[in-house]
$ cat coords-v4.pdb   # PDB, C-alpha atoms
ATOM      1  CA  MET A   1      22.454  36.688  51.776
ATOM      2  CA  LYS A   2      20.898  39.267  49.542
ATOM      3  CA  THR A   3      21.940  39.316  45.895
ATOM      4  CA  SER A   4      24.108  42.190  44.706
ATOM      5  CA  ALA A   5      21.054  43.578  42.909
ATOM      6  CA  THR A   6      19.181  43.887  46.225
ATOM      7  CA  ARG A   7      22.053  45.068  48.458
ATOM      8  CA  PRO A   8      22.501  48.837  48.660
ATOM      9  CA  ASP A   9      25.809  50.625  48.361
ATOM     10  CA  ILE A  10      27.363  52.333  51.373
ATOM     11  CA  ARG A  11      25.766  55.787  51.383
ATOM     12  CA  THR A  12      25.026  56.957  54.927
ATOM     13  CA  GLU A  13      26.453  57.176  58.441
ATOM     14  CA  GLY A  14      23.953  54.454  59.327
ATOM     15  CA  ASP A  15      25.527  52.205  56.686
ATOM     16  CA  ILE A  16      28.962  52.860  58.187
ATOM     17  CA  LYS A  17      27.648  51.994  61.649
ATOM     18  CA  THR A  18      26.094  48.773  60.293
ATOM     19  CA  LEU A  19      29.407  47.780  58.709
ATOM     20  CA  VAL A  20      31.586  48.569  61.737
ATOM     21  CA  ASP A  21      29.183  47.126  64.323
ATOM     22  CA  SER A  22      28.631  43.935  62.309
ATOM     23  CA  LEU A  23      32.353  43.458  61.728
ATOM     24  CA  CYS A  24      33.178  44.000  65.394
ATOM     25  CA  GLN A  25      30.438  41.628  66.529
ATOM     26  CA  LYS A  26      31.708  38.925  64.175
ATOM     27  CA  ALA A  27      35.335  39.514  65.171
ATOM     28  CA  THR A  28      34.476  39.354  68.869
ATOM     29  CA  HIS A  29      32.938  35.909  68.349
ATOM     30  CA  ASP A  30      35.562  34.705  65.866
ATOM     31  CA  THR A  31      37.791  31.804  66.909
ATOM     32  CA  LEU A  32      40.994  33.475  65.701
ATOM     33  CA  LEU A  33      40.225  37.133  66.458
ATOM     34  CA  GLY A  34      37.846  36.881  69.402
ATOM     35  CA  ALA A  35      40.364  37.122  72.237
ATOM     36  CA  SER A  36      41.923  40.329  70.885
ATOM     37  CA  PHE A  37      38.593  41.963  70.156
ATOM     38  CA  SER A  38      37.205  40.958  73.555
ATOM     39  CA  ALA A  39      40.275  42.423  75.286
ATOM     40  CA  ALA A  40      39.826  45.645  73.321
ATOM     41  CA  ALA A  41      36.170  45.755  74.317
ATOM     42  CA  ARG A  42      37.143  45.758  77.976
ATOM     43  CA  ILE A  43      39.782  48.462  77.574
ATOM     44  CA  HIS A  44      39.219  50.727  74.557
ATOM     45  CA  TRP A  45      35.960  49.726  72.884
ATOM     46  CA  PRO A  46      34.069  53.064  72.836
ATOM     47  CA  HIS A  47      37.110  54.909  71.496
ATOM     48  CA  TYR A  48      37.808  52.149  68.980
ATOM     49  CA  LEU A  49      34.255  52.199  67.625
ATOM     50  CA  THR A  50      34.183  55.995  67.443
ATOM     51  CA  SER A  51      37.497  56.069  65.573
ATOM     52  CA  GLN A  52      36.240  53.395  63.158
ATOM     53  CA  TYR A  53      32.985  55.252  62.446
ATOM     54  CA  SER A  54      34.973  58.437  61.871
ATOM     55  CA  TYR A  55      37.579  56.843  59.624
ATOM     56  CA  TRP A  56      35.132  55.000  57.386
ATOM     57  CA  SER A  57      32.712  57.943  57.213
ATOM     58  CA  CYS A  58      35.522  60.258  56.180
ATOM     59  CA  SER A  59      37.083  57.810  53.737
ATOM     60  CA  LEU A  60      33.905  56.635  52.045
ATOM     61  CA  LEU A  61      31.451  59.493  52.486
ATOM     62  CA  GLY A  62      33.751  62.507  52.797
ATOM     63  CA  ALA A  63      32.213  63.276  56.202
ATOM     64  CA  GLY A  64      34.479  65.106  58.655
ATOM     65  CA  THR A  65      38.082  64.196  59.273
ATOM     66  CA  PRO A  66      39.339  60.941  60.740
ATOM     67  CA  GLU A  67      40.945  61.167  64.139
ATOM     68  CA  GLY A  68      44.040  59.049  64.502
ATOM     69  CA  GLU A  69      44.738  55.907  62.578
ATOM     70  CA  PRO A  70      41.869  53.735  61.331
ATOM     71  CA  LEU A  71      43.229  50.771  63.248
ATOM     72  CA  PRO A  72      45.136  52.532  66.015
ATOM     73  CA  GLU A  73      48.184  50.367  66.599
ATOM     74  CA  GLN A  74      45.900  47.810  66.665
ATOM     75  CA  VAL A  75      43.550  48.196  69.536
ATOM     76  CA  ALA A  76      41.676  45.132  68.366
ATOM     77  CA  LEU A  77      43.950  43.514  65.810
ATOM     78  CA  PRO A  78      46.553  40.922  66.797
ATOM     79  CA  ARG A  79      50.122  41.284  65.581
ATOM     80  CA  GLY A  80      50.393  38.055  63.576
ATOM     81  CA  GLY A  81      50.111  38.103  59.786
ATOM     82  CA  ALA A  82      47.573  35.268  59.698
ATOM     83  CA  HIS A  83      45.332  37.232  62.055
ATOM     84  CA  ILE A  84      45.540  40.330  59.876
ATOM     85  CA  GLU A  85      44.706  38.363  56.731
ATOM     86  CA  HIS A  86      41.807  36.722  58.544
ATOM     87  CA  TRP A  87      40.536  40.154  59.638
ATOM     88  CA  LEU A  88      40.694  41.319  56.004
ATOM     89  CA  GLN A  89      38.661  38.292  54.877
ATOM     90  CA  LEU A  90      36.124  38.941  57.632
ATOM     91  CA  PHE A  91      35.941  42.629  56.684
ATOM     92  CA  SER A  92      35.386  41.835  53.005
ATOM     93  CA  SER A  93      32.734  39.203  53.700
ATOM     94  CA  THR A  94      30.931  41.621  56.040
ATOM     95  CA  VAL A  95      30.913  44.321  53.355
ATOM     96  CA  GLU A  96      29.585  41.799  50.826
ATOM     97  CA  GLU A  97      26.898  40.582  53.214
ATOM     98  CA  TYR A  98      25.333  44.039  53.532
ATOM     99  CA  PHE A  99      26.474  46.149  50.583
ATOM    100  CA  ALA A 100      27.254  46.147  46.868
ATOM    101  CA  GLY A 101      28.476  48.973  44.671
ATOM    102  CA  SER A 102      31.390  51.327  44.173
ATOM    103  CA  LYS A 103      31.629  52.451  47.822
ATOM    104  CA  ALA A 104      31.512  48.837  49.004
ATOM    105  CA  GLU A 105      34.367  48.000  46.641
ATOM    106  CA  GLN A 106      36.248  51.094  47.810
ATOM    107  CA  ALA A 107      35.841  49.975  51.437
ATOM    108  CA  LYS A 108      37.358  46.576  50.646
ATOM    109  CA  GLN A 109      40.230  48.222  48.761
ATOM    110  CA  LEU A 110      40.941  50.617  51.652
ATOM    111  CA  ALA A 111      40.943  47.719  54.116
ATOM    112  CA  SER A 112      43.409  45.849  51.911
ATOM    113  CA  GLN A 113      45.652  48.926  51.771
ATOM    114  CA  MET A 114      45.522  49.213  55.580
ATOM    115  CA  VAL A 115      46.601  45.602  55.944
ATOM    116  CA  THR A 116      49.492  46.198  53.547
ATOM    117  CA  ARG A 117      50.532  49.285  55.517
ATOM    118  CA  ILE A 118      50.253  47.466  58.862
ATOM    119  CA  LYS A 119      52.389  44.590  57.600
ATOM    120  CA  ALA A 120      55.034  46.998  56.303
ATOM    121  CA  LEU A 121      55.136  48.887  59.612
ATOM    122  CA  ARG A 122      55.374  45.711  61.626
ATOM    123  CA  SER A 123      58.140  44.244  59.470
ATOM    124  CA  ARG A 124      60.294  47.277  60.355
ATOM    125  CA  GLU A 125      59.702  46.966  64.091
ATOM    126  CA  LEU A 126      62.666  45.773  66.105
ATOM    127  CA  PRO A 127      62.141  42.987  68.623
ATOM    128  CA  VAL A 128      62.239  44.051  72.244
ATOM    129  CA  ASP A 129      64.261  41.967  74.682
TER     130      ASP A 129
END

$ encode --input "coords-v4.pdb" --output "structure tokens"
Amino acid sequence: MKTSATRPDIRTEGDIKTLVDSLCQKATHDTLLGASFSAAARIHWPHYLTSQYSYWSCSLLGAGTPEGEPLPEQVALPRGGAHIEHWLQLFSSTVEEYFAGSKAEQAKQLASQMVTRIKALRSRELPVD
């Protein structure tokens, strides 16, 4: 891994694509998350990737406007809390692998806020018989 002094901050659309693509590749091959991400790849992958690029570009670079939710009722994220926390750890480690700086820290903070919001939404959902 590069040191923080040699890793760039997130500055371009290419950086966003590197982050999203790397995260999705890792998640697809992850023991805990792989099945959900692989299922999403078969069904919604192009839309999922496009929405992720858009969300992170808008949020971190001020480019355009995000369409829909950043993790649309979770195309590729399982419902269990442990899975969500694991995704957040994977997201943060992916950011740290490639980037360092204020935008990288902002990305990790936004991901943490998304996880908090997802957990709150899911805790209000009623079970379906």

$ atom_distance --input "coords-v4.pdb" --atom1 "CA of Asp9 (chain A)" --atom2 "CA of Lys103 (chain A)"
6.1 Å

$ residues_around --input "coords-v4.pdb" --residues "Leu32 (chain A)" --least-positions-apart "6" --cutoff "10 Å" --atoms "all atoms listed in the file" --output "list in words"
Pro78, Ala82, His83, His86 and Trp87 of chain A

$ closest_residue --input "coords-v4.pdb" --among "A:Glu13, A:Ala100, A:Ala5, A:Ala41" --to "Gly64 (chain A)" --atoms "all atoms listed in the file"
A:Glu13

$ atom_distance --input "coords-v4.pdb" --atom1 "CA of Glu105 (chain A)" --atom2 "CA of Ala39 (chain A)"
29.8 Å

$ residues_near_point --input "coords-v4.pdb" --point "(30.7, 45.4, 63.9)" --cutoff "12 Å" --atoms "all atoms listed in the file" --output "number ranges by chain"
A: 15-30, 37, 41, 45, 48-50, 52-53, 76, 87, 90-91, 94-95, 98

$ residues_around --input "coords-v4.pdb" --residues "Ala107 (chain A)" --least-positions-apart "5" --cutoff "9 Å" --atoms "only C-alpha atoms" --output "PDB file with C-alpha atoms, keeping the file's coordinate frame"
ATOM      1  CA  ILE A  10      27.363  52.333  51.373  1.00  0.00           C
ATOM      2  CA  TRP A  56      35.132  55.000  57.386  1.00  0.00           C
ATOM      3  CA  SER A  59      37.083  57.810  53.737  1.00  0.00           C
ATOM      4  CA  LEU A  60      33.905  56.635  52.045  1.00  0.00           C
ATOM      5  CA  SER A  92      35.386  41.835  53.005  1.00  0.00           C
ATOM      6  CA  VAL A  95      30.913  44.321  53.355  1.00  0.00           C
ATOM      7  CA  SER A 102      31.390  51.327  44.173  1.00  0.00           C
ATOM      8  CA  SER A 112      43.409  45.849  51.911  1.00  0.00           C
TER       9      SER A 112
END

$ atom_distance --input "coords-v4.pdb" --atom1 "CA of Leu88 (chain A)" --atom2 "CA of Met114 (chain A)"
9.3 Å

$ axis_aligned_box --input "coords-v4.pdb" --around "region 49-68 of chain A" --padding-each-side "4 Å" --output "AutoDock Vina command-line options"
--center_x 37.7 --center_y 58.7 --center_z 59.8 --size_x 20.6 --size_y 20.9 --size_z 23.6

$ decode --input "coords-v4.pdb" --residues "region 37-69 of chain A" --atoms "N, CA and C atoms" --output "mmCIF file, in the first residue's frame"
data_model
loop_
_atom_site.group_PDB
_atom_site.id
_atom_site.type_symbol
_atom_site.label_atom_id
_atom_site.label_comp_id
_atom_site.auth_asym_id
_atom_site.auth_seq_id
_atom_site.Cartn_x
_atom_site.Cartn_y
_atom_site.Cartn_z
ATOM 1 N N PHE A 37 -23.570 -9.161 -4.053
ATOM 2 C CA PHE A 37 -23.011 -8.375 -5.145
ATOM 3 C C PHE A 37 -23.054 -9.147 -6.458
ATOM 4 N N SER A 38 -22.835 -10.442 -6.418
ATOM 5 C CA SER A 38 -22.918 -11.252 -7.636
ATOM 6 C C SER A 38 -24.343 -11.289 -8.179
ATOM 7 N N ALA A 39 -25.327 -11.389 -7.279
ATOM 8 C CA ALA A 39 -26.733 -11.365 -7.707
ATOM 9 C C ALA A 39 -27.070 -10.024 -8.339
ATOM 10 N N ALA A 40 -26.578 -8.946 -7.748
ATOM 11 C CA ALA A 40 -26.817 -7.614 -8.313
ATOM 12 C C ALA A 40 -26.164 -7.477 -9.680
ATOM 13 N N ALA A 41 -25.010 -8.075 -9.844
ATOM 14 C CA ALA A 41 -24.304 -8.001 -11.124
ATOM 15 C C ALA A 41 -25.136 -8.636 -12.229
ATOM 16 N N ARG A 42 -25.825 -9.708 -11.907
ATOM 17 C CA ARG A 42 -26.644 -10.374 -12.920
ATOM 18 C C ARG A 42 -27.907 -9.581 -13.253
ATOM 19 N N ILE A 43 -28.404 -8.803 -12.300
ATOM 20 C CA ILE A 43 -29.699 -8.155 -12.487
ATOM 21 C C ILE A 43 -29.584 -6.662 -12.773
ATOM 22 N N HIS A 44 -28.845 -5.931 -11.960
ATOM 23 C CA HIS A 44 -28.865 -4.464 -12.001
ATOM 24 C C HIS A 44 -27.493 -3.811 -12.119
ATOM 25 N N TRP A 45 -26.468 -4.547 -12.438
ATOM 26 C CA TRP A 45 -25.106 -4.023 -12.308
ATOM 27 C C TRP A 45 -24.841 -2.728 -13.064
ATOM 28 N N PRO A 46 -25.170 -2.613 -14.352
ATOM 29 C CA PRO A 46 -24.872 -1.339 -15.040
ATOM 30 C C PRO A 46 -25.553 -0.136 -14.390
ATOM 31 N N HIS A 47 -26.808 -0.305 -14.005
ATOM 32 C CA HIS A 47 -27.516 0.798 -13.340
ATOM 33 C C HIS A 47 -26.884 1.098 -11.982
ATOM 34 N N TYR A 48 -26.535 0.065 -11.243
ATOM 35 C CA TYR A 48 -25.924 0.246 -9.934
ATOM 36 C C TYR A 48 -24.620 1.028 -10.049
ATOM 37 N N LEU A 49 -23.752 0.611 -10.971
ATOM 38 C CA LEU A 49 -22.477 1.307 -11.141
ATOM 39 C C LEU A 49 -22.683 2.754 -11.557
ATOM 40 N N THR A 50 -23.576 2.982 -12.507
ATOM 41 C CA THR A 50 -23.851 4.347 -12.965
ATOM 42 C C THR A 50 -24.360 5.212 -11.821
ATOM 43 N N SER A 51 -25.255 4.664 -10.998
ATOM 44 C CA SER A 51 -25.788 5.447 -9.879
ATOM 45 C C SER A 51 -24.699 5.727 -8.845
ATOM 46 N N GLN A 52 -23.785 4.778 -8.646
ATOM 47 C CA GLN A 52 -22.681 4.985 -7.713
ATOM 48 C C GLN A 52 -21.711 6.057 -8.222
ATOM 49 N N TYR A 53 -21.345 5.983 -9.495
ATOM 50 C CA TYR A 53 -20.467 7.012 -10.066
ATOM 51 C C TYR A 53 -21.108 8.391 -9.898
ATOM 52 N N SER A 54 -22.386 8.471 -10.216
ATOM 53 C CA SER A 54 -23.108 9.741 -10.138
ATOM 54 C C SER A 54 -23.164 10.265 -8.710
ATOM 55 N N TYR A 55 -23.531 9.408 -7.782
ATOM 56 C CA TYR A 55 -23.647 9.829 -6.386
ATOM 57 C C TYR A 55 -22.315 10.352 -5.851
ATOM 58 N N TRP A 56 -21.252 9.550 -6.010
ATOM 59 C CA TRP A 56 -19.976 9.947 -5.437
ATOM 60 C C TRP A 56 -19.378 11.145 -6.157
ATOM 61 N N SER A 57 -19.588 11.250 -7.465
ATOM 62 C CA SER A 57 -19.102 12.430 -8.198
ATOM 63 C C SER A 57 -19.807 13.692 -7.717
ATOM 64 N N CYS A 58 -21.112 13.597 -7.545
ATOM 65 C CA CYS A 58 -21.874 14.744 -7.064
ATOM 66 C C CYS A 58 -21.471 15.103 -5.637
ATOM 67 N N SER A 59 -21.415 14.107 -4.781
ATOM 68 C CA SER A 59 -21.139 14.347 -3.362
ATOM 69 C C SER A 59 -19.730 14.852 -3.090
ATOM 70 N N LEU A 60 -18.762 14.321 -3.815
ATOM 71 C CA LEU A 60 -17.369 14.664 -3.523
ATOM 72 C C LEU A 60 -16.786 15.725 -4.448
ATOM 73 N N LEU A 61 -17.275 15.771 -5.680
ATOM 74 C CA LEU A 61 -16.693 16.691 -6.656
ATOM 75 C C LEU A 61 -17.644 17.811 -7.067
ATOM 76 N N GLY A 62 -18.899 17.711 -6.636
ATOM 77 C CA GLY A 62 -19.895 18.709 -7.033
ATOM 78 C C GLY A 62 -20.288 18.593 -8.487
ATOM 79 N N ALA A 63 -20.104 17.416 -9.076
ATOM 80 C CA ALA A 63 -20.388 17.200 -10.502
ATOM 81 C C ALA A 63 -21.801 16.660 -10.694
ATOM 82 N N GLY A 64 -22.659 17.413 -11.363
ATOM 83 C CA GLY A 64 -23.998 16.944 -11.686
ATOM 84 C C GLY A 64 -24.871 16.768 -10.465
ATOM 85 N N THR A 65 -25.926 15.995 -10.639
ATOM 86 C CA THR A 65 -26.831 15.688 -9.545
ATOM 87 C C THR A 65 -27.016 14.185 -9.471
ATOM 88 N N PRO A 66 -27.021 13.639 -8.256
ATOM 89 C CA PRO A 66 -27.181 12.193 -8.135
ATOM 90 C C PRO A 66 -28.600 11.784 -8.504
ATOM 91 N N GLU A 67 -28.710 10.658 -9.170
ATOM 92 C CA GLU A 67 -30.016 10.129 -9.510
ATOM 93 C C GLU A 67 -30.340 9.016 -8.553
ATOM 94 N N GLY A 68 -31.447 9.169 -7.820
ATOM 95 C CA GLY A 68 -31.849 8.129 -6.894
ATOM 96 C C GLY A 68 -30.983 8.111 -5.650
ATOM 97 N N GLU A 69 -31.123 7.072 -4.898
ATOM 98 C CA GLU A 69 -30.355 6.907 -3.679
ATOM 99 C C GLU A 69 -28.977 6.342 -4.010
#
